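Notes follow the structure.
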Amino acid sequence: MTSSPTDAIATLRIEIKYIEPLIWRRIAVRTSMNLMALHRVIQATMGWLDYHLWEFVVDERKYGIPDPDRPHVKNGATTQLATILASGMTEFGYVYDFGD
């Protein structure tokens, strides 16, 4: 039996910057999931309640919820994790709660 690209799994390490001691989690997710779904997984993993704005930052590109006030943000619901990883990216940012 061969696996398809939609069956591929990525193991991600999530670290919260600027906090001592370091808080981190390791998760395994399907690379076929979109960034909106990944956001939801991160929220659940960290025990957060999705009350704040968020975005992924990948090589200076921002992905999140489309907003006319932020036209530079690409739609996270239409971008798969596999697309990010296929570009060779091994590290990218997730910003949650822009006020803090």
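As shown in the structure tokens, the chain order sets the letters A, B, ...; within each chain, residues go from 1, and ligands are also counted from 1 in the order they appear.
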Residue set, chain A restricted to helix (DSSP H, G or I), as a VMD selection string = chain A and resid 5 to 7 35 to 46 76 to 78 81 to 86
Could you pull the residues within 10 Å of Gly76 in chain A, counting only C-alpha atoms, minus those fewer than 5 positions along the same chain, as a ChimeraX atom specification?
-> /A:34-39,55-56,62-66,81
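The nearest approach to Val58 in chain A among the residues A:Thr83, A:Thr11, A:Thr45, A:Thr78, with only C-alpha atoms taken into account, belongs to A:Thr83.
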Using only C-alpha atoms, find the one residue out of A:Pro71, A:Ala44, A:Tyr18, A:Tyr94 that sits nearest to Asp59 in chain A.
-> A:Tyr94
Would you mind telling me which residue in A:Trp24, A:Thr31, A:Phe98, A:Trp54 lies nearest to Ile84 in chain A when using only C-alpha atoms?
->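 Closest residue, counting only C-alpha atoms: A:Thr31.
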The distance between CA of Leu22 in chain A and CA of Tyr96 in chain A is 16.9 Å
By how many Å are CA of Leu85 in chain A and CA of Glu15 in chain A apart?
->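 Result for CA of Leu85 in chain A versus CA of Glu15 in chain A: 18.2 Å, one decimal.
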Among listed residues A:Val95, A:Ala82, A:Ala77, A:Met89, nearest His52 in chain A (using only C-alpha atoms) |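 Once distances to His52 in chain A are computed over only C-alpha atoms, the minimum belongs to A:Val95.
Take CA of Asp50 in chain A and CA of Glu20 in chain A: the distance between them is 23.1 Å.
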Residues within 8 Å of Leu12 in chain A, only C-alpha atoms, excluding chain neighbours under 6 positions, as a count of residues only | 4
Strand (DSSP E or B) call set, DSSP backbone run, chain A, as a ChimeraX atom specification = /A:9-16,23-30,34,54-58,61-64,73-75,80,93-96
